[in-house]
There are 4 protein chains.
Amino acid sequence: MNTFGNIFRLTSFGESHGAGIGGVLDGFPAGVEVDLDFLQNELDRRRPGQSHLTTARKEADRVELLSGVFEGRTTGTPIGFLVRNENQHSADYDNLRDVFRPSHADYTYIQKYGLRDHRGGGRSSARETIARVVAGAFAKMALRTRGISVYAYTSQVGPVALDADYTHYDPALIESNAVRCPDAAKADEMARLIAGVKERGDTVGGVITGVVTGCPAGLGDPVFGKLHARLGAAMLSINAVKGFEYGEGFAGAAGYGSEQNDRFCPDGKGGVTTLTNHSGGIQGGISNGQDIYFRVAFKPVATLLMEQQTVDTAGRPTSLTARGRHDACVLPRAVPVVEAMAATVILDALLQDRCVRW
Amino acid sequence: MNTFGNIFRLTSFGESHGAGIGGVLDGFPAGVEVDLDFLQNELDRRRPGQSHLTTARKEADRVELLSGVFEGRTTGTPIGFLVRNENQHSADYDNLRDVFRPSHADYTYIQKYGLRDHRGGGRSSARETIARVVAGAFAKMALRTRGISVYAYTSQVGPVALDADYTHYDPALIESNAVRCPDAAKADEMARLIAGVKERGDTVGGVITGVVTGCPAGLGDPVFGKLHARLGAAMLSINAVKGFEYGEGFAGAAGYGSEQNDRFCPDGKGGVTTLTNHSGGIQGGISNGQDIYFRVAFKPVATLLMEQQTVDTAGRPTSLTARGRHDACVLPRAVPVVEAMAATVILDALLQDRCVRW
Amino acid sequence: MNTFGNIFRLTSFGESHGAGIGGVLDGFPAGVEVDLDFLQNELDRRRPGQSHLTTARKEADRVELLSGVFEGRTTGTPIGFLVRNENQHSADYDNLRDVFRPSHADYTYIQKYGLRDHRGGGRSSARETIARVVAGAFAKMALRTRGISVYAYTSQVGPVALDADYTHYDPALIESNAVRCPDAAKADEMARLIAGVKERGDTVGGVITGVVTGCPAGLGDPVFGKLHARLGAAMLSINAVKGFEYGEGFAGAAGYGSEQNDRFCPDGKGGVTTLTNHSGGIQGGISNGQDIYFRVAFKPVATLLMEQQTVDTAGRPTSLTARGRHDACVLPRAVPVVEAMAATVILDALLQDRCVRW
Amino acid sequence: MNTFGNIFRLTSFGESHGAGIGGVLDGFPAGVEVDLDFLQNELDRRRPGQSHLTTARKEADRVELLSGVFEGRTTGTPIGFLVRNENQHSADYDNLRDVFRPSHADYTYIQKYGLRDHRGGGRSSARETIARVVAGAFAKMALRTRGISVYAYTSQVGPVALDADYTHYDPALIESNAVRCPDAAKADEMARLIAGVKERGDTVGGVITGVVTGCPAGLGDPVFGKLHARLGAAMLSINAVKGFEYGEGFAGAAGYGSEQNDRFCPDGKGGVTTLTNHSGGIQGGISNGQDIYFRVAFKPVATLLMEQQTVDTAGRPTSLTARGRHDACVLPRAVPVVEAMAATVILDALLQDRCVRW
């Protein structure tokens with residue numbers, strides 16, 4: 001199942017150590033101006049080797065558009081794209097051919113498919129998310145012409161977490177540090193934590209907060225296509241994600257309706273707004289015009305550069321010390337992926353909403 | 001979007017105060033014995049009026065199977081079903097025709113569709129979950145013949161939460177109290193909390209924990225049909241759900257790989273198992289044969305039986321005191337819904353997995 | 001696979017001798033006025049026992065709408081519906097329990113599902129098409145507000161065929177005879193042929209011609225959702241259909257481009273039209289604004305009321321003389337089914353087309 | 001809508017004069033041996049310039065597999081592929097930028113999308129079928145290990161048609177001539193017809209017959225996924241196709257049930273067979289184990305190398321003489337495309353059938 005979306009659909013392919021990562025964008029509307037610099041810049045934000053905090057794998061991650069764009073605009077026909085892999089060190093993975101890395105997908109892929117490409121995790125590698133970033137970049141190009149903006153930031157790394165909600169931070173600061181955290185002091189703390197973790201061959205998890213602003217009321221398709229259910233499915237499909245919540249989320253489960261209900265009031269422009277936004281911009285699965293915000297939990301990366309006990313493919317106990325180039329913390333590079341999936345969902349819901357009223 | 005699933009698909013219909021709730025189960029395998037008592041019992045677990053803690057709406061919720069079953073077995077053709085609404089008090093909702101309840105779907109439905117059935121929330125009513133419970137009951141009938149079991153329980157109501165993980169509780173105790181909590185003392189505390197909340201016209205949220213045991217390795221379809229992404233989408237589509245996590249979830253985001261990785265070891269029967277299960281039974285989006293466990297956060301019900309400030313459909317400030325029969329806490333009745341959606345996902349993934357190997 | 005459509009989707013259920021036939025219409029737009037008389041009239045056109053030419057099974061085929069309509073308009077939520085079976089003579093089919101009717105689905109259903117409901121063909125009965133007619137009636141209600149009209153007629157019964165194309169016949173005459181043929185003389189000839197065939201327990205095939213007028217240019221979604229491919233799939237899914245062609249169809253395969261190309265010319269109103277319409281209103285899979293016309297071939301009904309040699313379920317030779325009430329020719333009753341499927345496809349394509357331009 | 005299939009899915013992209021044609025095969029089973037020579041040979045059968053009868057465009061049509069294959073076997077992950085365009089003469093199409101070719105998709109694409117790539121028809125070019133041939137080649141690799149074989153041949157070119165049904169021809173002779181007709185004398189007549197048509201700048205249509213042998217009973221998914229409905233949709237989605245029939249097809253519409261029913265009889269091996277095969281191997285939408293055969297009507301190619309009257313994009317009358325390299329008759333090159341789509345449908349139905357029985 002490598003297709004995502006209903007009207008606007010991404011179908012992706014590619015493995016960590018194959019020819020490359022690519023995909024097809026289908027259902028993307030015709031007539032949108034294509035901003036190639038923006039597209040490449042989004043990929044650069046996801047690219048390995050962009051800072052001392054990330055994996056040292058050197059990939060330019062240059063995207064080639066293969067179809068669907070003519071004289072600078074989308075044509076409504078499918079957009080094929082390809083990013084070649086260039087810096088594979090497949091030999092680094094020879095010792096993984098016959099062994100299962102703990103908490104990695106090595107074991108489950110063999111159980112499911114009967115065989116696997118062991119090099120760099122094959123299809124289970126987060127390198128797959130390149131295709132998501134391409135889809136998201138196109139979605140953003142369309143959404144920004146409607147005043148809809150999507151951003152995300154690192155709000156927690158291991159035990160270091162931001163104290164306040166998204167309204168307290170300036171999104172313009174996100175790209176000002178390698179961690180992609182809009183609080184400079186916390187970002188520094190997070191960076192030092194990651195550096196230490198990397199030093200000892202360990203890994204660390206964290207949380208990314210995502211925000212959609214300018215989203216009109218009416219997006220989302222009950223009962224199974226509720227907007228937050230689609231956002232949740234999108235986020236949970238990203239590598240290493242273990243949880244999703246929106247609005248008050250799990251914290252809200254501890255509270256009372258009298259505290260959490262968002263009262264409606266006139267917006268002063270003839271419309272309606274809410275005094276608070278505990279709902280996270282979605283009620284009954286449909287956007288209400290307020291900001292949509294959500295949080296995504298990432299587990300620590302499974303591949304450690306320290307010795308671990310495990311079994312080989314014959315089920316015999318063995319020990320393993322992974323080689324290769326791995327992130328000690330995926331959060332900084334996952335920020336554009338979270339944004340991309342959110343943008344993809346919002347554009348898809350926006351197109352779908354066009355079919356609702358006669 | 002009222003269809004859920006890939007191979008095994010539920011398509012549902014119905015409103016709170018229409019003729020009834022029903023649906024179609026398509027892709028359910030042929031030859032499964034249909035246990036009508038079990039099916040009705042699952043609906044009874046979801047039924048209103050089952051205890052003093054729930055809404056007083058009196059509905060027998062008798063299900064009629066309309067097709068797809070012949071001489072006690074499923075035929076592989078679509079299973080139509082219908083539960084008639086019987087105890088509508090539509091007049092209770094006359095005062096909601098022209099007003100938006102805070103944090104309810106009244107406003108967003110009007111924004112999306114241009115008109116709405118205001119009686120009992122129409123399609124946005126949790127009465128819709130009847131169809132899910134029917135789908136889940138069929139899924140369970142199939143899964144239990146393969147030794148796969150799905151259960152859920154209330155693990156938190158407002159501030160009252162269980163301290164330990166699911167392995168510490170006996171699922172046989174879940175149905176022993178009205179809250180559906182396997183810890184008798186905590187259940188009692190939760191029940192008293194709900195009674196107090198109900199008394200003052202307020203509502204309260206909580207958390208349901210779900211568990212799948214006996215699930216074989218290999219279920220789940222990367223990259224967009226990862227097993228946990230489908231479980232998450234399923235749970236997030238249930239009314240009032242605000243968050244989903246599996247395995248260590250958000251707590252795990254604070255930790256390190258060296259702590260959280262699940263080491264593989266021989267299982268003593270020629271196979272492989274893991275020493276711990278921080279992963280929650282899923283690695284790389286595919287089940288690994290361990291227990292799958294997850295948590296689902298529910299917000300407090302939006303409809304309060306106390307006065308609230310809001311606006312009317314013309315955008316003018318007004319106050320509202322809802323009438324009608326509402327749950328002060330949906331958790332006890334949502335337990336079978338969580339189970340149903342989990343069973344639906346697992347059966348669907350099991351069928352889909354049959355197509356993977358040549 | 002009992003769901004049809006992309007945006008506007010029919011999911012159907014039901015067997016010939018079960019509780020009834022029903023379904024769910026999802027994605028139907030909100031705000032459309034529901035004309036219940038029209039809906040019932042469409043079902044009456046498909047109803048058994050409507051004339052001496054059709055099966056004698058007595059069914060009122062009253063439809064009950066179960067959801068999705070409020071105060072006379074569609075709400076955008078799923079429309080559940082049910083038509084109860086009333087006049088089953090299941091005992092007529094006792095002798096079919098253990099025998100395979102030649103060219104019927106008895107054998108293939110057993111091969112596929114391992115068991116079958118032998119009464120009246122179960123799910124393979126054309127009684128299933130009730131659900132299609134309901135979907136089509138709703139589609140027509142929407143389409144007529146846009147000036148789009150769909151009609152069909154019997155253009156051939158056995159060897160008796162109309163000589164001219166659809167432009168030579170007045171659609172207002174279709175309902176003036178029991179055969180649903182707009183040429184009175186030919187209709188009479190067809191009726192006599194059917195009566196003779198029925199008399200001797202035999203059956204006869206034929207062709208239905210379908211026409212869509214007022215369809216705007218732009219509908220259809222290359223490359224796999226071409227408008228004619230969707231019309232073809234729709235028609236071929238109707239019981240007993242063996243062929244589909246549009247425009248010049250098979251006859252055009254014998255000809256030359258210089259004869260068959262439709263020259264463009266100004267339409268005198270600032271737009272473009274074509275001098276001829278060999279294309280059948282579709283070019284490259286997209287409607288061009290001209291009439292869409294197509295032909296659908298039906299085989300003779302498989303169930304004969306005469307003795308036939310066959311085998312029983314154990315594979316032993318036997319002979320069979322079917323009882324029960326069967327049509328000697330399905331064409332007259334299939335006309336509204338062809339219209340319904342065409343209307344369903346056109347509405348679906350119309351909604352989908354809303355998503356194409358930014 | 002550039003995705004085809006349910007379990008085994010092709011998503012394609014690419015235009016005639018863009019970077020190339022490619023796609024993604026998803027849901028293809030794991031563990032199938034990949035025969036690269038066979039794959040390239042299938043493309044060579046579709047390749048332009050293969051004989052004097054076809055377009056002179058010179059394309060090697062070398063396919064690059066980008067993912068999903070490891071050490072000679074499929075891995076169950078998506079198979080990305082790309083065929084680069086090499087021999088574009090885009091300038092040949094400069095005169096088409098502002099004019100609509102009669103009966104081509106120029107006009108409808110503009111009507112739908114608002115803009116179009118005019119070079120070589122853009123996405124509407126039959127060059128798109130490269131992706132189908134790749135999908136079909138993979139499907140055939142899987143099917144042949146199960147004894148299922150798919151072949152097709154040219155059975156009519158303009159007025160020159162084969163007299164007998166498929167059982168009278170030896171499929172081994174199909175590739176023995178440039179027309180792909182298994183009757184040498186007729187092939188010669190067809191070739192001469194095409195040469196003459198080409199000489200005068202005209203084009204001619206025809207019919208391709210397709211056959212599936214070795215297909216087990218049980219494939220096809222009523223009521224909307226009937227096997228022949230899926231075959232029909234597949235064929236009708238191919239460029240220039242105007243009709244599809246299977247079994248007796250339109251000819252059978254003229255006949256009687258007593259003549260056309262296929263009597264069941266013992267097959268002498270403990271199973272069941274039929275004495276005749278008027279049904280075309282499918283009853284009730286499900287294969288019955290007999291040969292599946294069908295016919296596909298192709299219109300004459302729309303692009304003529306002679307002067308035609310038409311309008312420009314402003315709606316003004318003009319005349320047009322196309323340049324470029326075009327087939328005078330697509331039938332010979334469409335044979336592998338018909339086979340490919342049939343193989344794709346059969347594999348998809350075979351996989352889907354695995355989910356039916358419990």
# chains A, B, ... in the order shown; residues from 1 in each chain; ligands from 1
>>> closest_atom_pairs(of="region 107-199 of chain B", to="region 52-65 of chain B", cutoff="8 Å", atoms="only C-alpha atoms", output="CSV")
residue,atom,partner,partner_atom,distance
B:Ala178,CA,B:Leu53,CA,7.3
B:Val179,CA,B:Leu53,CA,8.0
B:Ala191,CA,B:Leu53,CA,7.3
B:Ile194,CA,B:Leu53,CA,6.9
B:Ala195,CA,B:Leu53,CA,6.6
>>> select_by_dssp(residues="region 178-301 of chain A", states="alpha helix (DSSP H)", output="PDB file with N, CA and C atoms, in the first residue's frame")
ATOM      1  N   ALA A 184      15.324  29.396  21.116  1.00  0.00           N
ATOM      2  CA  ALA A 184      16.778  29.287  20.928  1.00  0.00           C
ATOM      3  C   ALA A 184      17.469  28.570  22.085  1.00  0.00           C
ATOM      4  N   ALA A 185      17.059  28.881  23.292  1.00  0.00           N
ATOM      5  CA  ALA A 185      17.710  28.285  24.459  1.00  0.00           C
ATOM      6  C   ALA A 185      17.435  26.786  24.515  1.00  0.00           C
ATOM      7  N   LYS A 186      16.185  26.438  24.308  1.00  0.00           N
ATOM      8  CA  LYS A 186      15.827  25.016  24.314  1.00  0.00           C
ATOM      9  C   LYS A 186      16.506  24.290  23.149  1.00  0.00           C
ATOM     10  N   ALA A 187      16.564  24.972  22.027  1.00  0.00           N
ATOM     11  CA  ALA A 187      17.209  24.369  20.861  1.00  0.00           C
ATOM     12  C   ALA A 187      18.643  24.018  21.177  1.00  0.00           C
ATOM     13  N   ASP A 188      19.292  24.899  21.873  1.00  0.00           N
ATOM     14  CA  ASP A 188      20.675  24.672  22.244  1.00  0.00           C
ATOM     15  C   ASP A 188      20.800  23.460  23.169  1.00  0.00           C
ATOM     16  N   GLU A 189      19.895  23.408  24.119  1.00  0.00           N
ATOM     17  CA  GLU A 189      19.871  22.290  25.059  1.00  0.00           C
ATOM     18  C   GLU A 189      19.635  20.963  24.314  1.00  0.00           C
ATOM     19  N   MET A 190      18.688  21.012  23.390  1.00  0.00           N
ATOM     20  CA  MET A 190      18.399  19.814  22.598  1.00  0.00           C
ATOM     21  C   MET A 190      19.609  19.402  21.773  1.00  0.00           C
ATOM     22  N   ALA A 191      20.266  20.362  21.159  1.00  0.00           N
ATOM     23  CA  ALA A 191      21.426  20.069  20.310  1.00  0.00           C
ATOM     24  C   ALA A 191      22.518  19.405  21.132  1.00  0.00           C
ATOM     25  N   ARG A 192      22.727  19.923  22.347  1.00  0.00           N
ATOM     26  CA  ARG A 192      23.757  19.318  23.186  1.00  0.00           C
ATOM     27  C   ARG A 192      23.380  17.899  23.600  1.00  0.00           C
ATOM     28  N   LEU A 193      22.107  17.704  23.882  1.00  0.00           N
ATOM     29  CA  LEU A 193      21.640  16.366  24.220  1.00  0.00           C
ATOM     30  C   LEU A 193      21.889  15.396  23.061  1.00  0.00           C
ATOM     31  N   ILE A 194      21.524  15.822  21.848  1.00  0.00           N
ATOM     32  CA  ILE A 194      21.704  14.941  20.690  1.00  0.00           C
ATOM     33  C   ILE A 194      23.187  14.638  20.469  1.00  0.00           C
ATOM     34  N   ALA A 195      24.027  15.658  20.607  1.00  0.00           N
ATOM     35  CA  ALA A 195      25.461  15.460  20.404  1.00  0.00           C
ATOM     36  C   ALA A 195      26.010  14.424  21.382  1.00  0.00           C
ATOM     37  N   GLY A 196      25.553  14.495  22.606  1.00  0.00           N
ATOM     38  CA  GLY A 196      26.009  13.543  23.619  1.00  0.00           C
ATOM     39  C   GLY A 196      25.536  12.124  23.319  1.00  0.00           C
ATOM     40  N   VAL A 197      24.294  12.036  22.925  1.00  0.00           N
ATOM     41  CA  VAL A 197      23.716  10.740  22.589  1.00  0.00           C
ATOM     42  C   VAL A 197      24.475  10.118  21.419  1.00  0.00           C
ATOM     43  N   LYS A 198      24.753  10.934  20.426  1.00  0.00           N
ATOM     44  CA  LYS A 198      25.471  10.469  19.237  1.00  0.00           C
ATOM     45  C   LYS A 198      26.866   9.980  19.612  1.00  0.00           C
ATOM     46  N   GLU A 199      27.486  10.742  20.471  1.00  0.00           N
ATOM     47  CA  GLU A 199      28.830  10.430  20.947  1.00  0.00           C
ATOM     48  C   GLU A 199      28.912   9.016  21.515  1.00  0.00           C
ATOM     49  N   LEU A 227     -11.063  14.806   9.374  1.00  0.00           N
ATOM     50  CA  LEU A 227      -9.801  15.471   9.047  1.00  0.00           C
ATOM     51  C   LEU A 227      -8.670  15.024   9.972  1.00  0.00           C
ATOM     52  N   HIS A 228      -8.957  14.920  11.255  1.00  0.00           N
ATOM     53  CA  HIS A 228      -7.893  14.522  12.186  1.00  0.00           C
ATOM     54  C   HIS A 228      -7.532  13.042  12.037  1.00  0.00           C
ATOM     55  N   ALA A 229      -8.490  12.224  11.596  1.00  0.00           N
ATOM     56  CA  ALA A 229      -8.160  10.804  11.368  1.00  0.00           C
ATOM     57  C   ALA A 229      -7.201  10.674  10.195  1.00  0.00           C
ATOM     58  N   ARG A 230      -7.396  11.527   9.193  1.00  0.00           N
ATOM     59  CA  ARG A 230      -6.494  11.489   8.046  1.00  0.00           C
ATOM     60  C   ARG A 230      -5.126  12.069   8.397  1.00  0.00           C
ATOM     61  N   LEU A 231      -5.119  13.131   9.190  1.00  0.00           N
ATOM     62  CA  LEU A 231      -3.839  13.657   9.668  1.00  0.00           C
ATOM     63  C   LEU A 231      -3.121  12.600  10.506  1.00  0.00           C
ATOM     64  N   GLY A 232      -3.874  11.940  11.364  1.00  0.00           N
ATOM     65  CA  GLY A 232      -3.275  10.916  12.217  1.00  0.00           C
ATOM     66  C   GLY A 232      -2.694   9.771  11.406  1.00  0.00           C
ATOM     67  N   ALA A 233      -3.475   9.298  10.428  1.00  0.00           N
ATOM     68  CA  ALA A 233      -2.963   8.212   9.581  1.00  0.00           C
ATOM     69  C   ALA A 233      -1.707   8.657   8.848  1.00  0.00           C
ATOM     70  N   ALA A 234      -1.708   9.901   8.388  1.00  0.00           N
ATOM     71  CA  ALA A 234      -0.541  10.434   7.675  1.00  0.00           C
ATOM     72  C   ALA A 234       0.689  10.439   8.571  1.00  0.00           C
ATOM     73  N   MET A 235       0.525  10.926   9.783  1.00  0.00           N
ATOM     74  CA  MET A 235       1.670  11.039  10.684  1.00  0.00           C
ATOM     75  C   MET A 235       2.143   9.662  11.137  1.00  0.00           C
ATOM     76  N   LEU A 236       1.194   8.796  11.463  1.00  0.00           N
ATOM     77  CA  LEU A 236       1.567   7.467  11.958  1.00  0.00           C
ATOM     78  C   LEU A 236       2.240   6.629  10.879  1.00  0.00           C
ATOM     79  N   GLY A 249      -5.609  16.770  23.121  1.00  0.00           N
ATOM     80  CA  GLY A 249      -5.029  15.423  23.059  1.00  0.00           C
ATOM     81  C   GLY A 249      -5.184  14.638  24.343  1.00  0.00           C
ATOM     82  N   PHE A 250      -4.109  13.930  24.713  1.00  0.00           N
ATOM     83  CA  PHE A 250      -4.157  13.084  25.896  1.00  0.00           C
ATOM     84  C   PHE A 250      -4.362  13.899  27.171  1.00  0.00           C
ATOM     85  N   ALA A 251      -3.798  15.098  27.196  1.00  0.00           N
ATOM     86  CA  ALA A 251      -3.972  15.932  28.396  1.00  0.00           C
ATOM     87  C   ALA A 251      -5.451  16.248  28.617  1.00  0.00           C
ATOM     88  N   GLY A 252      -6.172  16.461  27.537  1.00  0.00           N
ATOM     89  CA  GLY A 252      -7.585  16.789  27.635  1.00  0.00           C
ATOM     90  C   GLY A 252      -8.434  15.663  28.182  1.00  0.00           C
ATOM     91  N   GLY A 257     -15.760  18.794  30.452  1.00  0.00           N
ATOM     92  CA  GLY A 257     -16.364  19.521  29.344  1.00  0.00           C
ATOM     93  C   GLY A 257     -16.530  21.000  29.632  1.00  0.00           C
ATOM     94  N   SER A 258     -16.867  21.319  30.849  1.00  0.00           N
ATOM     95  CA  SER A 258     -17.087  22.728  31.189  1.00  0.00           C
ATOM     96  C   SER A 258     -15.809  23.552  31.045  1.00  0.00           C
ATOM     97  N   GLU A 259     -14.673  22.909  31.148  1.00  0.00           N
ATOM     98  CA  GLU A 259     -13.397  23.603  30.958  1.00  0.00           C
ATOM     99  C   GLU A 259     -12.963  23.622  29.494  1.00  0.00           C
ATOM    100  N   GLN A 260     -13.266  22.552  28.787  1.00  0.00           N
ATOM    101  CA  GLN A 260     -12.635  22.366  27.475  1.00  0.00           C
ATOM    102  C   GLN A 260     -13.490  22.800  26.289  1.00  0.00           C
TER     103      GLN A 260
END
>>> closest_atom_pairs(of="chain A", to="chain D", cutoff="10 Å", atoms="only C-alpha atoms", output="tab-separated table")
residue	atom	partner	partner_atom	distance
A:Met1	CA	D:Asp26	CA	6.9
A:Asn2	CA	D:Asp26	CA	6.7
A:Thr3	CA	D:Asp26	CA	8.5
A:Ile7	CA	D:Met1	CA	8.8
A:Phe8	CA	D:Met1	CA	9.9
A:Arg9	CA	D:Met1	CA	9.4
A:Leu10	CA	D:Thr11	CA	9.9
A:Thr11	CA	D:Thr11	CA	7.4
A:Ser12	CA	D:Val24	CA	7.5
A:Phe13	CA	D:Pro78	CA	5.3
A:Gly14	CA	D:Ser67	CA	5.0
A:Glu15	CA	D:Ser67	CA	6.4
A:Ser16	CA	D:Ser67	CA	9.6
A:His17	CA	D:Ser67	CA	9.2
A:Gly18	CA	D:Ser67	CA	5.9
A:Ala19	CA	D:Leu66	CA	5.2
A:Gly20	CA	D:Leu66	CA	6.5
A:Ile21	CA	D:Leu66	CA	8.0
A:Gly22	CA	D:Gly80	CA	7.6
A:Gly23	CA	D:Val24	CA	7.4
A:Val24	CA	D:Phe13	CA	6.9
A:Leu25	CA	D:Phe13	CA	8.8
A:Asp26	CA	D:Asn2	CA	6.7
A:Gly27	CA	D:Met1	CA	7.0
A:Pro29	CA	D:Tyr113	CA	8.3
A:Ala30	CA	D:Tyr113	CA	5.7
A:Gly31	CA	D:Leu115	CA	7.2
A:Glu64	CA	D:Ala19	CA	9.4
A:Leu65	CA	D:Ala19	CA	8.2
A:Leu66	CA	D:Ala19	CA	5.2
A:Ser67	CA	D:Gly14	CA	5.0
A:Gly68	CA	D:Gly14	CA	7.1
A:Val69	CA	D:Asp117	CA	8.5
A:Phe70	CA	D:Asp117	CA	6.2
A:Glu71	CA	D:Asp117	CA	8.5
A:Arg73	CA	D:Leu115	CA	8.8
A:Thr74	CA	D:Leu115	CA	8.8
A:Thr75	CA	D:Arg116	CA	6.1
A:Gly76	CA	D:Tyr113	CA	6.1
A:Thr77	CA	D:Arg123	CA	6.9
A:Pro78	CA	D:Phe13	CA	5.3
A:Ile79	CA	D:Phe13	CA	6.6
A:Gly80	CA	D:Phe13	CA	5.8
A:Phe81	CA	D:Phe13	CA	9.4
A:Leu82	CA	D:Leu66	CA	9.3
A:Arg84	CA	D:Leu66	CA	9.2
A:Tyr109	CA	D:Thr75	CA	9.4
A:Ile110	CA	D:Thr75	CA	9.7
A:Lys112	CA	D:Gly76	CA	8.9
A:Tyr113	CA	D:Ala30	CA	5.8
A:Gly114	CA	D:Gly31	CA	7.3
A:Leu115	CA	D:Thr75	CA	6.3
A:Arg116	CA	D:Thr75	CA	6.1
A:Asp117	CA	D:Phe70	CA	6.2
A:His118	CA	D:Phe70	CA	9.6
A:Gly122	CA	D:Gly68	CA	9.2
A:Arg123	CA	D:Thr77	CA	6.9
A:Ser124	CA	D:Thr77	CA	9.7
>>> residues_around(residues="Tyr153 (chain A)", least_positions_apart="6", cutoff="6 Å", atoms="only C-alpha atoms", output="list in words")
Arg180, Cys181, Ile208, Thr209 and Val335 of chain A
>>> write_last_selection(atoms="C-alpha atoms", output="compact mmCIF listing (two decimals), in the first residue's frame")
# COMPACT_ATOMS: atom_id res chain seq x y z
CA ARG A 180 14.35 23.20 14.13
CA CYS A 181 13.08 24.42 17.48
CA ILE A 208 7.19 17.38 16.69
CA THR A 209 4.38 19.90 16.83
CA VAL A 335 10.11 18.33 10.66
>>> atom_distance(atom1="CA of Ser287 (chain A)", atom2="CA of Glu33 (chain A)")
26.6 Å
>>> atom_distance(atom1="CA of Lys269 (chain D)", atom2="CA of Trp358 (chain D)")
26.5 Å
>>> residues_around(residues="region 212-221 of chain C", least_positions_apart="2", cutoff="10 Å", atoms="only C-alpha atoms", output="PyMOL selection string")
(chain A and resi 27+76-77) or (chain C and resi 143-144+146-152+210+223-230+280-294+339+342-343+345-354+356) or (chain D and resi 1-2+107-114)
